[in-house]
Amino acid sequence: MTDQNASSDRRQLLKALGTLSVASMAGCVSQSGSDGDGSGESGDGSTGSSGDGSTEEGGEATPVPMADSFSFWELSKTWGPHIERYESETDATVEHTNMGPDELLDNLQTRLLSGTGAPDAAMVEYTSLKQVAKTGGLRDVSDWIDEADIRDDFTSGIWEVVSDGDAVYEVPYDIGPATLFYRKDIWDEHGLSDDIETYDEFIEEGKKLPDDVSLLSLPDSGLSVFWRMMYRQLGGVEFDEEGRLAFDNDKAVQAMAQLQELADAGITDDTASWSQQWFAGFNEGTVTAYLSGAWFSGTLMSSMDEAAGDWRGMKIPALESGGTRASNIGGSGVCFPDQNDEATARRAFDFVVNTTTNVEEMANLFAEEGNISAYMPAWDDEAFENPREFFGGQALGTLWTDIADDIPPYRYTLDSPKIMNLLNPLLQDVVYGDLDPESALEEWVTQSANETGREVA
Amino acid sequence: MHEKLEKEALWQFGGYGFLVAVTMVMMFPIYWLVVASTLPQSAIFAGGAGELPRLIPGRNFLANAEALAARPEVDFYRSMLNSLVIAVVYTGLALLFCSMGGFALAKYEFKYKRALFMGILGTLLLPTNLLVIPLFLLVSNMGLSNSYWAVILPWAAYPLGIFFMKQAMQSIPDSLLEAARMDGASEFQLYYRVVLPSMKSSLAALAVILFLFQWNLFLWPLVVLREGKYTIPVAISKIMSNDMIAYDQLMVASAMAIVPMFVVFILLQRHFVNGILGGAVKE
């Protein structure tokens with residue numbers, strides 16, 4: 001290694017250490033369960049390697065040596081059935097660990113930076129992937145993905161999210177088509193129409209509710225998530241192709257103002273999200289709606305069974321008449337640390353691709369957990385058209401695949417979590433305080449530029 | 001004369017009044033934590049923005065504690081035991097290393113002593129987060145990952161402790177050590193039989209500091225320990241990493257987590273003030 005390289009490596013390591021430091025400090029206090037769960041789906045084992053694995057090189061089938069076992073960390077608690085199937089089909093064994101998102105991130109980054117102890121595959125939310133990739137410890141699997149020939153089968157724009165330049169760091173697992181979940185029975189009881197297109201109409205309908213019933217849960221700890229959903233819906237991106245801060249614009253203000261308008265209309269409830277009280281509000285019908293990703297349907301089914309049959313889902317309202325009604329909240333993929341030997345990584349990759357491109361399994365995942373795979377052929381499975389009892393017979397699968405087609409592309413960077421942390425307190429002042437959106441944006445842009453050292457586009 | 005006494009009494013009353021007020025402000029969050037641990041979750045969140053939370057204890061403490069015990073992924077009581085073992089062993093070991101280091105720096109002259117001391121103090125400037133990567137490498141290479149020792153050893157020679165003991169030991173007269181040497185005491189005997197017995201207050205004060213430091217460590221145990229060996233802060237974070245955050249369990253876990261800290265402080269408080277002030281007096 002040349003001195004120059006060594007010096008560059010040291011700089012990289014120091015930068016990464018700083019990154020971990022900041023991320024960890026943020027991670028220590030953040031709460032999980034907000035976005036991102038994954039589900040993925042797959043066709044018919046498109047790597048063709050559920051046994052010993054094989055690949056095409058130079059037109060000839062060349063056996064790829066694969067290890068008999070590998071370790072895998074996940075955060076969605078949905079991989080048990082995938083692992084069971086893969087182990088039964090291949091005799092490979094999976095050392096499987098479940099963790100919370102923050103715990104997984106802290107542990108994974110530490111092991112990637114120190115070059116030892118990382119698992120062979122790990123599930124990471126899309127919003128955090130760039131931060132993890134910046135450690136330099138992830139394997140670029142672009143060649144393997146090309147060998148498996150699966151790029152065109154995944155949702156458009158997803159490869160941008162899991163790539164850095166030409167390098168691909170994750171196999172996409174699930175996406176989170178943004179959905180307005182609502183209590184149809186309460187809406188009917190008070191004469192609210194669910195034939196709405198814009199937030200203005202949504203607010204007008206909400207005013208029909210009595211004082212002790214709130215239309216929408218809008219907890220202050222997650223305002224930045226709602227802002228991002230709306231901003232993306234408007235076609236905004238946080239970073240441009242050069243990595244500059246790209247939110248100093250009217251769309252950003254519009255999304256902030258929309259959140260403010262919702263709260264000012266007196267139709268929102270700010271009970272802490274994921275608390276028992278929050279769930280009770282939905283169950284008892286004192287709060288009637290929530291904006292989240294498709295994966296939230298699984299949470300509804302497991303935690304709000306008292307209102308089974310009364311829930312429905314619809315596209316999120318547009319910010320203006322004729323506007324887009326599609327966006328995304330959450331979603332994860334699986335990455336592969338490069339510190340482990342290739343045969344083990346190949347086995348882990350084979351497992352992940354075999355799972356995420358397995359139509360039957362992904363259909364089951366949708367049916368059981370409500371997660372939507374990023375793998376489009378799975379959407380043709382009849383499971384997506386089946387009425388869902390919990391949702392009063394509504395076929396949510398088709399709603400979500402319909403939304404998924406229109407989700408505007410987005411771009412995350414290493415600094416995505418940091419700028420969201422800067423945004424949330426400002427949004428709290430906008431939505432539940434008296435700060436105006438323009439001033440909040442100005443302050444946010446200044447803070448973000450100072451904290452990240454990035455130029456403003 | 002009488003007027004002067006009255007004025008003094010007034011000042012004293014005002015001073016105590018101020019101290020009581022400050023104490024109440026500082027104790028309020030802890031009081032609320034304890035109260036919240038006795039309430040069902042619905043009562044914790046009762047009341048709107050700007051209203052005082054409920055301040056009268058309820059009867060749900062045991063129910064909350066039982067619900068907490070029923071969470072295998074949190075394994076709270078095991079974590080409490082882990083934390084106790086780690087903190088107690090760590091405190092004992094760190095007291096030994098810090099007092100030996102402090103003794104050497106206070107009572108011996110050797111080359112580069114000042115630079116060494118500055119170097120030790122300099123490490124205080126490094127946040128734990130920055131040390132995680134190199135420490136992880138070290139601990140992994142030593143094969144100590146996922147063991148109690150992985151959490152105990154890295155800060156066994158705690159820089160603040162060495163500094164604290166150095167300052168305290170400077171108050172010991174050199175003549176006393178000389179006399180002991182003339183009586184035939186070895187250098188280790190000087191440390192063990194002459195210096196340590198006169199440092200009880202300082203050691204007790206340092207023990208409180210070390211115990212609290214270890215008890216509160218979060219990121220390092222999170223990274224280096226796995227399920228079954230988690231400490232309390234990590235277990236508490238596990239309560240929050242589920243879909244539904246059980247704030248009642250969170251409160252009861254937090255309330256129980258501060259009990260050992262109170263016990264340690266109450267047991268050693270007699271020495272604490274003396275110990276802290278011990279280093280302020282020099283020969």
# chains A, B, ... in the order shown; residues from 1 in each chain; ligands from 1
>>> residues_around(residues="Ala205 (chain B)", least_positions_apart="2", cutoff="6 Å", atoms="only C-alpha atoms", output="ChimeraX atom specification")
/B:202-203,207-208,272,275
>>> interface_residues(of="chain B", to="chain A", cutoff="12 Å", atoms="only C-alpha atoms", output="PyMOL selection string")
chain B and resi 40-49+73-74+126-141+143+145-146+217-227+233-250
>>> residues_around(residues="region 190-202 of chain A", least_positions_apart="5", cutoff="6 Å", atoms="only C-alpha atoms", output="tab-separated table (two decimals) with C-alpha atoms, in the first residue's frame")
chain	number	residue	atom	x	y	z
A	317	PRO	CA	-54.55	12.41	-0.19
A	318	ALA	CA	-52.87	14.71	-2.71
A	319	LEU	CA	-51.50	18.03	-1.53
A	320	GLU	CA	-53.32	19.74	-4.39
>>> select_by_dssp(residues="region 94-155 of chain A", states="alpha helix (DSSP H)", output="PDB file with N, CA and C atoms, in the first residue's frame")
ATOM      1  N   PRO A 101     -33.943  -2.155  14.985  1.00  0.00           N
ATOM      2  CA  PRO A 101     -33.203  -1.431  13.945  1.00  0.00           C
ATOM      3  C   PRO A 101     -31.974  -0.663  14.459  1.00  0.00           C
ATOM      4  N   ASP A 102     -32.124   0.016  15.587  1.00  0.00           N
ATOM      5  CA  ASP A 102     -30.990   0.794  16.104  1.00  0.00           C
ATOM      6  C   ASP A 102     -29.875  -0.119  16.593  1.00  0.00           C
ATOM      7  N   GLU A 103     -30.282  -1.182  17.257  1.00  0.00           N
ATOM      8  CA  GLU A 103     -29.301  -2.128  17.776  1.00  0.00           C
ATOM      9  C   GLU A 103     -28.532  -2.756  16.621  1.00  0.00           C
ATOM     10  N   LEU A 104     -29.259  -3.121  15.585  1.00  0.00           N
ATOM     11  CA  LEU A 104     -28.615  -3.755  14.433  1.00  0.00           C
ATOM     12  C   LEU A 104     -27.626  -2.785  13.779  1.00  0.00           C
ATOM     13  N   LEU A 105     -28.050  -1.538  13.669  1.00  0.00           N
ATOM     14  CA  LEU A 105     -27.208  -0.545  13.006  1.00  0.00           C
ATOM     15  C   LEU A 105     -25.917  -0.296  13.790  1.00  0.00           C
ATOM     16  N   ASP A 106     -26.025  -0.112  15.086  1.00  0.00           N
ATOM     17  CA  ASP A 106     -24.840   0.132  15.916  1.00  0.00           C
ATOM     18  C   ASP A 106     -23.889  -1.052  15.859  1.00  0.00           C
ATOM     19  N   ASN A 107     -24.464  -2.253  15.981  1.00  0.00           N
ATOM     20  CA  ASN A 107     -23.630  -3.454  15.975  1.00  0.00           C
ATOM     21  C   ASN A 107     -22.973  -3.681  14.619  1.00  0.00           C
ATOM     22  N   LEU A 108     -23.747  -3.489  13.577  1.00  0.00           N
ATOM     23  CA  LEU A 108     -23.219  -3.762  12.242  1.00  0.00           C
ATOM     24  C   LEU A 108     -22.109  -2.772  11.890  1.00  0.00           C
ATOM     25  N   GLN A 109     -22.345  -1.507  12.158  1.00  0.00           N
ATOM     26  CA  GLN A 109     -21.332  -0.503  11.806  1.00  0.00           C
ATOM     27  C   GLN A 109     -20.041  -0.713  12.583  1.00  0.00           C
ATOM     28  N   THR A 110     -20.162  -1.067  13.833  1.00  0.00           N
ATOM     29  CA  THR A 110     -18.961  -1.325  14.632  1.00  0.00           C
ATOM     30  C   THR A 110     -18.153  -2.464  14.020  1.00  0.00           C
ATOM     31  N   ARG A 111     -18.849  -3.512  13.644  1.00  0.00           N
ATOM     32  CA  ARG A 111     -18.155  -4.688  13.115  1.00  0.00           C
ATOM     33  C   ARG A 111     -17.606  -4.437  11.711  1.00  0.00           C
ATOM     34  N   LEU A 112     -18.291  -3.622  10.941  1.00  0.00           N
ATOM     35  CA  LEU A 112     -17.783  -3.310   9.605  1.00  0.00           C
ATOM     36  C   LEU A 112     -16.532  -2.444   9.706  1.00  0.00           C
ATOM     37  N   LEU A 113     -16.559  -1.474  10.610  1.00  0.00           N
ATOM     38  CA  LEU A 113     -15.409  -0.580  10.744  1.00  0.00           C
ATOM     39  C   LEU A 113     -14.209  -1.280  11.358  1.00  0.00           C
ATOM     40  N   SER A 114     -14.459  -2.211  12.264  1.00  0.00           N
ATOM     41  CA  SER A 114     -13.326  -2.887  12.890  1.00  0.00           C
ATOM     42  C   SER A 114     -12.873  -4.083  12.065  1.00  0.00           C
ATOM     43  N   TYR A 126     -33.599   1.078   4.020  1.00  0.00           N
ATOM     44  CA  TYR A 126     -33.050   1.858   2.900  1.00  0.00           C
ATOM     45  C   TYR A 126     -32.514   3.211   3.369  1.00  0.00           C
ATOM     46  N   THR A 127     -33.215   3.800   4.351  1.00  0.00           N
ATOM     47  CA  THR A 127     -32.816   5.130   4.803  1.00  0.00           C
ATOM     48  C   THR A 127     -31.442   5.121   5.461  1.00  0.00           C
ATOM     49  N   SER A 128     -31.002   3.974   5.950  1.00  0.00           N
ATOM     50  CA  SER A 128     -29.716   3.903   6.657  1.00  0.00           C
ATOM     51  C   SER A 128     -28.612   3.270   5.820  1.00  0.00           C
ATOM     52  N   LEU A 129     -28.951   2.765   4.649  1.00  0.00           N
ATOM     53  CA  LEU A 129     -27.976   1.974   3.895  1.00  0.00           C
ATOM     54  C   LEU A 129     -26.722   2.769   3.533  1.00  0.00           C
ATOM     55  N   LYS A 130     -26.893   3.999   3.085  1.00  0.00           N
ATOM     56  CA  LYS A 130     -25.728   4.778   2.646  1.00  0.00           C
ATOM     57  C   LYS A 130     -24.762   4.999   3.811  1.00  0.00           C
ATOM     58  N   GLN A 131     -25.339   5.194   4.963  1.00  0.00           N
ATOM     59  CA  GLN A 131     -24.547   5.374   6.172  1.00  0.00           C
ATOM     60  C   GLN A 131     -23.713   4.114   6.449  1.00  0.00           C
ATOM     61  N   VAL A 132     -24.313   2.958   6.262  1.00  0.00           N
ATOM     62  CA  VAL A 132     -23.613   1.695   6.486  1.00  0.00           C
ATOM     63  C   VAL A 132     -22.577   1.463   5.385  1.00  0.00           C
ATOM     64  N   ALA A 133     -22.972   1.769   4.144  1.00  0.00           N
ATOM     65  CA  ALA A 133     -22.058   1.540   3.014  1.00  0.00           C
ATOM     66  C   ALA A 133     -20.810   2.409   3.139  1.00  0.00           C
ATOM     67  N   SER A 142     -23.160  -6.019  -7.341  1.00  0.00           N
ATOM     68  CA  SER A 142     -23.758  -5.706  -8.652  1.00  0.00           C
ATOM     69  C   SER A 142     -23.537  -6.833  -9.663  1.00  0.00           C
ATOM     70  N   ASP A 143     -22.326  -7.430  -9.670  1.00  0.00           N
ATOM     71  CA  ASP A 143     -22.063  -8.522 -10.618  1.00  0.00           C
ATOM     72  C   ASP A 143     -22.954  -9.730 -10.339  1.00  0.00           C
ATOM     73  N   TRP A 144     -23.129 -10.030  -9.074  1.00  0.00           N
ATOM     74  CA  TRP A 144     -23.951 -11.194  -8.713  1.00  0.00           C
ATOM     75  C   TRP A 144     -25.410 -10.950  -9.090  1.00  0.00           C
ATOM     76  N   ILE A 145     -25.829  -9.702  -8.916  1.00  0.00           N
ATOM     77  CA  ILE A 145     -27.210  -9.370  -9.280  1.00  0.00           C
ATOM     78  C   ILE A 145     -27.397  -9.477 -10.794  1.00  0.00           C
ATOM     79  N   ASP A 146     -26.376  -9.044 -11.531  1.00  0.00           N
ATOM     80  CA  ASP A 146     -26.451  -9.182 -12.992  1.00  0.00           C
ATOM     81  C   ASP A 146     -26.474 -10.657 -13.389  1.00  0.00           C
ATOM     82  N   GLU A 147     -25.653 -11.459 -12.712  1.00  0.00           N
ATOM     83  CA  GLU A 147     -25.654 -12.907 -12.997  1.00  0.00           C
ATOM     84  C   GLU A 147     -27.043 -13.492 -12.752  1.00  0.00           C
ATOM     85  N   ALA A 148     -27.667 -13.057 -11.672  1.00  0.00           N
ATOM     86  CA  ALA A 148     -29.001 -13.581 -11.342  1.00  0.00           C
ATOM     87  C   ALA A 148     -30.075 -12.993 -12.260  1.00  0.00           C
TER      88      ALA A 148
END
>>> select_by_dssp(residues="region 203-360 of chain A", states="strand (DSSP E)", output="number ranges by chain")
A: 216-217, 268-269, 289-292, 311-315, 332-335
>>> closest_atom_pairs(of="region 299-319 of chain A", to="region 284-287 of chain A", cutoff="12 Å", atoms="only C-alpha atoms", output="CSV")
residue,atom,partner,partner_atom,distance
A:Met304,CA,A:Glu284,CA,9.4
A:Asp305,CA,A:Glu284,CA,11.0
A:Glu306,CA,A:Glu284,CA,8.2
A:Ala307,CA,A:Glu284,CA,7.9
A:Ala308,CA,A:Glu284,CA,11.7
A:Asp310,CA,A:Gly285,CA,10.0
A:Trp311,CA,A:Gly285,CA,10.5
>>> closest_atom_pairs(of="region 284-339 of chain A", to="region 229-233 of chain A", cutoff="9 Å", atoms="only C-alpha atoms", output="Markdown table")
| residue | atom | partner | partner_atom | distance |
| --- | --- | --- | --- | --- |
| A:Ser292 | CA | A:Met229 | CA | 8.9 |
| A:Ala318 | CA | A:Gln233 | CA | 8.0 |
| A:Leu319 | CA | A:Met230 | CA | 7.7 |
| A:Gly323 | CA | A:Gln233 | CA | 8.4 |
| A:Thr324 | CA | A:Gln233 | CA | 6.1 |
| A:Arg325 | CA | A:Gln233 | CA | 6.7 |
| A:Ala326 | CA | A:Gln233 | CA | 5.9 |
| A:Ser327 | CA | A:Gln233 | CA | 5.0 |
| A:Asn328 | CA | A:Met229 | CA | 6.1 |
| A:Ile329 | CA | A:Met229 | CA | 6.4 |
>>> residues_around(residues="Tyr148 (chain B)", least_positions_apart="6", cutoff="9 Å", atoms="only C-alpha atoms", output="count of residues only")
5
>>> closest_residue(among="A:Trp444, A:Phe390, A:Glu385, A:Ala374", to="Asp152 (chain A)", atoms="only C-alpha atoms")
A:Ala374
>>> atom_distance(atom1="CA of Met362 (chain A)", atom2="CA of Arg347 (chain A)")
19.9 Å
>>> residues_around(residues="Ser297 (chain A)", least_positions_apart="3", cutoff="10 Å", atoms="only C-alpha atoms", output="list in words")
Thr179, Phe181, Ser292, Gly293, Ala294, Leu300, Met301, Ser302, Ser303, Met304, Trp311, Arg312, Gly313, Phe366, Glu369, Gly370, Asn371, Phe390, Phe391 and Leu396 of chain A
>>> write_last_selection(atoms="N, CA, C and O atoms", output="PDB file, in the first residue's frame")
ATOM      1  N   THR A 179     -49.925   4.751   2.722  1.00  0.00           N
ATOM      2  CA  THR A 179     -51.355   4.442   2.760  1.00  0.00           C
ATOM      3  C   THR A 179     -52.028   5.253   3.858  1.00  0.00           C
ATOM      4  O   THR A 179     -51.436   5.490   4.905  1.00  0.00           O
ATOM      5  N   PHE A 181     -54.579   4.681   6.441  1.00  0.00           N
ATOM      6  CA  PHE A 181     -55.406   3.667   7.114  1.00  0.00           C
ATOM      7  C   PHE A 181     -56.475   4.396   7.929  1.00  0.00           C
ATOM      8  O   PHE A 181     -56.163   5.370   8.620  1.00  0.00           O
ATOM      9  N   SER A 292     -49.181   5.702   6.947  1.00  0.00           N
ATOM     10  CA  SER A 292     -47.995   4.861   7.119  1.00  0.00           C
ATOM     11  C   SER A 292     -47.748   4.028   5.870  1.00  0.00           C
ATOM     12  O   SER A 292     -48.491   4.119   4.891  1.00  0.00           O
ATOM     13  N   GLY A 293     -46.688   3.208   5.947  1.00  0.00           N
ATOM     14  CA  GLY A 293     -46.384   2.315   4.838  1.00  0.00           C
ATOM     15  C   GLY A 293     -47.271   1.078   4.897  1.00  0.00           C
ATOM     16  O   GLY A 293     -47.907   0.791   5.922  1.00  0.00           O
ATOM     17  N   ALA A 294     -47.288   0.321   3.806  1.00  0.00           N
ATOM     18  CA  ALA A 294     -48.132  -0.878   3.736  1.00  0.00           C
ATOM     19  C   ALA A 294     -47.855  -1.833   4.891  1.00  0.00           C
ATOM     20  O   ALA A 294     -48.765  -2.498   5.398  1.00  0.00           O
ATOM     21  N   LEU A 300     -51.384  -3.315  12.501  1.00  0.00           N
ATOM     22  CA  LEU A 300     -52.812  -3.184  12.788  1.00  0.00           C
ATOM     23  C   LEU A 300     -53.410  -4.544  13.136  1.00  0.00           C
ATOM     24  O   LEU A 300     -54.120  -4.686  14.127  1.00  0.00           O
ATOM     25  N   MET A 301     -53.089  -5.522  12.316  1.00  0.00           N
ATOM     26  CA  MET A 301     -53.697  -6.846  12.510  1.00  0.00           C
ATOM     27  C   MET A 301     -53.257  -7.473  13.828  1.00  0.00           C
ATOM     28  O   MET A 301     -54.037  -8.147  14.486  1.00  0.00           O
ATOM     29  N   SER A 302     -51.987  -7.228  14.216  1.00  0.00           N
ATOM     30  CA  SER A 302     -51.504  -7.880  15.435  1.00  0.00           C
ATOM     31  C   SER A 302     -51.875  -7.103  16.694  1.00  0.00           C
ATOM     32  O   SER A 302     -51.987  -7.686  17.763  1.00  0.00           O
ATOM     33  N   SER A 303     -52.052  -5.786  16.581  1.00  0.00           N
ATOM     34  CA  SER A 303     -52.235  -4.993  17.798  1.00  0.00           C
ATOM     35  C   SER A 303     -53.603  -4.345  17.919  1.00  0.00           C
ATOM     36  O   SER A 303     -53.908  -3.744  18.938  1.00  0.00           O
ATOM     37  N   MET A 304     -54.406  -4.389  16.884  1.00  0.00           N
ATOM     38  CA  MET A 304     -55.692  -3.697  16.963  1.00  0.00           C
ATOM     39  C   MET A 304     -56.833  -4.601  16.529  1.00  0.00           C
ATOM     40  O   MET A 304     -57.707  -4.205  15.764  1.00  0.00           O
ATOM     41  N   TRP A 311     -61.324  -1.583   9.688  1.00  0.00           N
ATOM     42  CA  TRP A 311     -60.265  -0.779   9.083  1.00  0.00           C
ATOM     43  C   TRP A 311     -60.347  -0.839   7.553  1.00  0.00           C
ATOM     44  O   TRP A 311     -60.786  -1.835   6.989  1.00  0.00           O
ATOM     45  N   ARG A 312     -59.900   0.231   6.920  1.00  0.00           N
ATOM     46  CA  ARG A 312     -59.751   0.258   5.466  1.00  0.00           C
ATOM     47  C   ARG A 312     -58.451   0.994   5.155  1.00  0.00           C
ATOM     48  O   ARG A 312     -57.884   1.677   6.009  1.00  0.00           O
ATOM     49  N   GLY A 313     -58.023   0.860   3.914  1.00  0.00           N
ATOM     50  CA  GLY A 313     -56.859   1.622   3.464  1.00  0.00           C
ATOM     51  C   GLY A 313     -57.206   2.355   2.182  1.00  0.00           C
ATOM     52  O   GLY A 313     -58.044   1.887   1.409  1.00  0.00           O
ATOM     53  N   PHE A 366     -46.961 -11.490   2.190  1.00  0.00           N
ATOM     54  CA  PHE A 366     -47.974 -10.439   2.063  1.00  0.00           C
ATOM     55  C   PHE A 366     -49.237 -10.835   2.831  1.00  0.00           C
ATOM     56  O   PHE A 366     -49.815 -10.041   3.577  1.00  0.00           O
ATOM     57  N   GLU A 369     -48.125 -11.066   6.800  1.00  0.00           N
ATOM     58  CA  GLU A 369     -47.572  -9.892   7.477  1.00  0.00           C
ATOM     59  C   GLU A 369     -48.028  -8.571   6.866  1.00  0.00           C
ATOM     60  O   GLU A 369     -47.870  -7.514   7.469  1.00  0.00           O
ATOM     61  N   GLY A 370     -48.495  -8.628   5.635  1.00  0.00           N
ATOM     62  CA  GLY A 370     -48.943  -7.404   4.976  1.00  0.00           C
ATOM     63  C   GLY A 370     -47.825  -6.635   4.290  1.00  0.00           C
ATOM     64  O   GLY A 370     -48.045  -5.541   3.793  1.00  0.00           O
ATOM     65  N   ASN A 371     -46.618  -7.198   4.276  1.00  0.00           N
ATOM     66  CA  ASN A 371     -45.499  -6.478   3.642  1.00  0.00           C
ATOM     67  C   ASN A 371     -45.506  -6.671   2.129  1.00  0.00           C
ATOM     68  O   ASN A 371     -45.798  -7.751   1.622  1.00  0.00           O
ATOM     69  N   PHE A 390     -59.741  -8.555   7.736  1.00  0.00           N
ATOM     70  CA  PHE A 390     -59.459  -7.513   8.724  1.00  0.00           C
ATOM     71  C   PHE A 390     -59.838  -6.139   8.173  1.00  0.00           C
ATOM     72  O   PHE A 390     -60.197  -5.230   8.917  1.00  0.00           O
ATOM     73  N   PHE A 391     -59.720  -6.014   6.849  1.00  0.00           N
ATOM     74  CA  PHE A 391     -60.017  -4.732   6.209  1.00  0.00           C
ATOM     75  C   PHE A 391     -61.401  -4.777   5.522  1.00  0.00           C
ATOM     76  O   PHE A 391     -61.592  -4.176   4.462  1.00  0.00           O
ATOM     77  N   LEU A 396     -56.428  -5.102  -0.394  1.00  0.00           N
ATOM     78  CA  LEU A 396     -55.411  -4.063  -0.250  1.00  0.00           C
ATOM     79  C   LEU A 396     -54.214  -4.275  -1.171  1.00  0.00           C
ATOM     80  O   LEU A 396     -53.520  -3.331  -1.532  1.00  0.00           O
TER      81      LEU A 396
END
>>> closest_residue(among="A:Ser439, A:Thr288, A:Ser156, A:Ser163", to="Trp187 (chain A)", atoms="only C-alpha atoms")
A:Thr288
>>> closest_residue(among="A:Asn450, A:Ser217, A:Asn340, A:Thr155", to="Ile419 (chain A)", atoms="only C-alpha atoms")
A:Asn450
>>> residues_around(residues="Phe336 (chain A)", least_positions_apart="4", cutoff="9 Å", atoms="only C-alpha atoms", output="MDAnalysis selection string")
chainID A and resid 119:123 137:141 169:170 340 345 348:349
>>> write_last_selection(atoms="N, CA, C and O atoms", output="mmCIF file, in the first residue's frame")
data_model
loop_
_atom_site.group_PDB
_atom_site.id
_atom_site.type_symbol
_atom_site.label_atom_id
_atom_site.label_comp_id
_atom_site.auth_asym_id
_atom_site.auth_seq_id
_atom_site.Cartn_x
_atom_site.Cartn_y
_atom_site.Cartn_z
ATOM 1 N N PRO A 119 -21.950 -10.186 10.512
ATOM 2 C CA PRO A 119 -22.667 -11.354 9.983
ATOM 3 C C PRO A 119 -22.425 -11.460 8.480
ATOM 4 O O PRO A 119 -21.871 -10.541 7.870
ATOM 5 N N ASP A 120 -22.865 -12.552 7.888
ATOM 6 C CA ASP A 120 -22.668 -12.724 6.437
ATOM 7 C C ASP A 120 -23.718 -11.970 5.637
ATOM 8 O O ASP A 120 -23.507 -11.652 4.473
ATOM 9 N N ALA A 121 -24.860 -11.729 6.254
ATOM 10 C CA ALA A 121 -25.903 -10.922 5.609
ATOM 11 C C ALA A 121 -26.657 -10.184 6.700
ATOM 12 O O ALA A 121 -26.806 -10.700 7.806
ATOM 13 N N ALA A 122 -27.099 -8.976 6.385
ATOM 14 C CA ALA A 122 -27.819 -8.195 7.395
ATOM 15 C C ALA A 122 -28.874 -7.337 6.722
ATOM 16 O O ALA A 122 -28.651 -6.797 5.642
ATOM 17 N N MET A 123 -30.000 -7.234 7.390
ATOM 18 C CA MET A 123 -31.093 -6.433 6.867
ATOM 19 C C MET A 123 -30.919 -4.988 7.333
ATOM 20 O O MET A 123 -30.717 -4.734 8.513
ATOM 21 N N GLY A 137 -17.328 -1.303 4.344
ATOM 22 C CA GLY A 137 -17.283 -2.719 4.695
ATOM 23 C C GLY A 137 -18.323 -3.581 4.004
ATOM 24 O O GLY A 137 -18.448 -4.766 4.314
ATOM 25 N N LEU A 138 -19.069 -2.996 3.059
ATOM 26 C CA LEU A 138 -20.091 -3.806 2.377
ATOM 27 C C LEU A 138 -19.586 -4.314 1.031
ATOM 28 O O LEU A 138 -18.796 -3.656 0.350
ATOM 29 N N ARG A 139 -20.077 -5.451 0.669
ATOM 30 C CA ARG A 139 -19.699 -6.074 -0.596
ATOM 31 C C ARG A 139 -20.541 -5.490 -1.734
ATOM 32 O O ARG A 139 -21.761 -5.347 -1.590
ATOM 33 N N ASP A 140 -19.889 -5.131 -2.812
ATOM 34 C CA ASP A 140 -20.615 -4.691 -4.003
ATOM 35 C C ASP A 140 -21.116 -5.944 -4.721
ATOM 36 O O ASP A 140 -20.321 -6.741 -5.232
ATOM 37 N N VAL A 141 -22.437 -6.119 -4.738
ATOM 38 C CA VAL A 141 -22.992 -7.350 -5.316
ATOM 39 C C VAL A 141 -23.579 -7.110 -6.709
ATOM 40 O O VAL A 141 -24.394 -7.897 -7.191
ATOM 41 N N TYR A 169 -25.375 -2.352 -3.088
ATOM 42 C CA TYR A 169 -25.056 -2.858 -1.760
ATOM 43 C C TYR A 169 -26.170 -3.667 -1.101
ATOM 44 O O TYR A 169 -25.978 -4.232 -0.046
ATOM 45 N N GLU A 170 -27.340 -3.674 -1.706
ATOM 46 C CA GLU A 170 -28.424 -4.445 -1.086
ATOM 47 C C GLU A 170 -29.262 -5.142 -2.133
ATOM 48 O O GLU A 170 -29.418 -4.629 -3.247
ATOM 49 N N ASN A 340 -16.140 -11.342 5.154
ATOM 50 C CA ASN A 340 -16.216 -12.803 5.225
ATOM 51 C C ASN A 340 -15.865 -13.416 3.873
ATOM 52 O O ASN A 340 -15.899 -12.748 2.850
ATOM 53 N N ALA A 345 -20.368 -15.693 1.609
ATOM 54 C CA ALA A 345 -21.170 -14.582 1.088
ATOM 55 C C ALA A 345 -22.071 -15.065 -0.048
ATOM 56 O O ALA A 345 -23.222 -14.654 -0.165
ATOM 57 N N ALA A 348 -25.015 -16.778 1.411
ATOM 58 C CA ALA A 348 -25.960 -15.808 1.970
ATOM 59 C C ALA A 348 -26.718 -15.105 0.842
ATOM 60 O O ALA A 348 -27.941 -14.920 0.916
ATOM 61 N N PHE A 349 -26.000 -14.746 -0.200
ATOM 62 C CA PHE A 349 -26.629 -14.071 -1.342
ATOM 63 C C PHE A 349 -27.651 -14.995 -2.004
ATOM 64 O O PHE A 349 -28.754 -14.583 -2.366
#
>>> closest_residue(among="A:Ile203, A:Leu180, A:Ala255, A:Met376", to="Phe296 (chain A)", atoms="only C-alpha atoms")
A:Leu180
>>> atom_distance(atom1="CA of Pro260 (chain B)", atom2="CA of Thr38 (chain B)")
18.7 Å
>>> closest_residue(among="B:Pro72, B:Gly101, B:Gly58, B:Pro29", to="Ala255 (chain B)", atoms="only C-alpha atoms")
B:Pro29
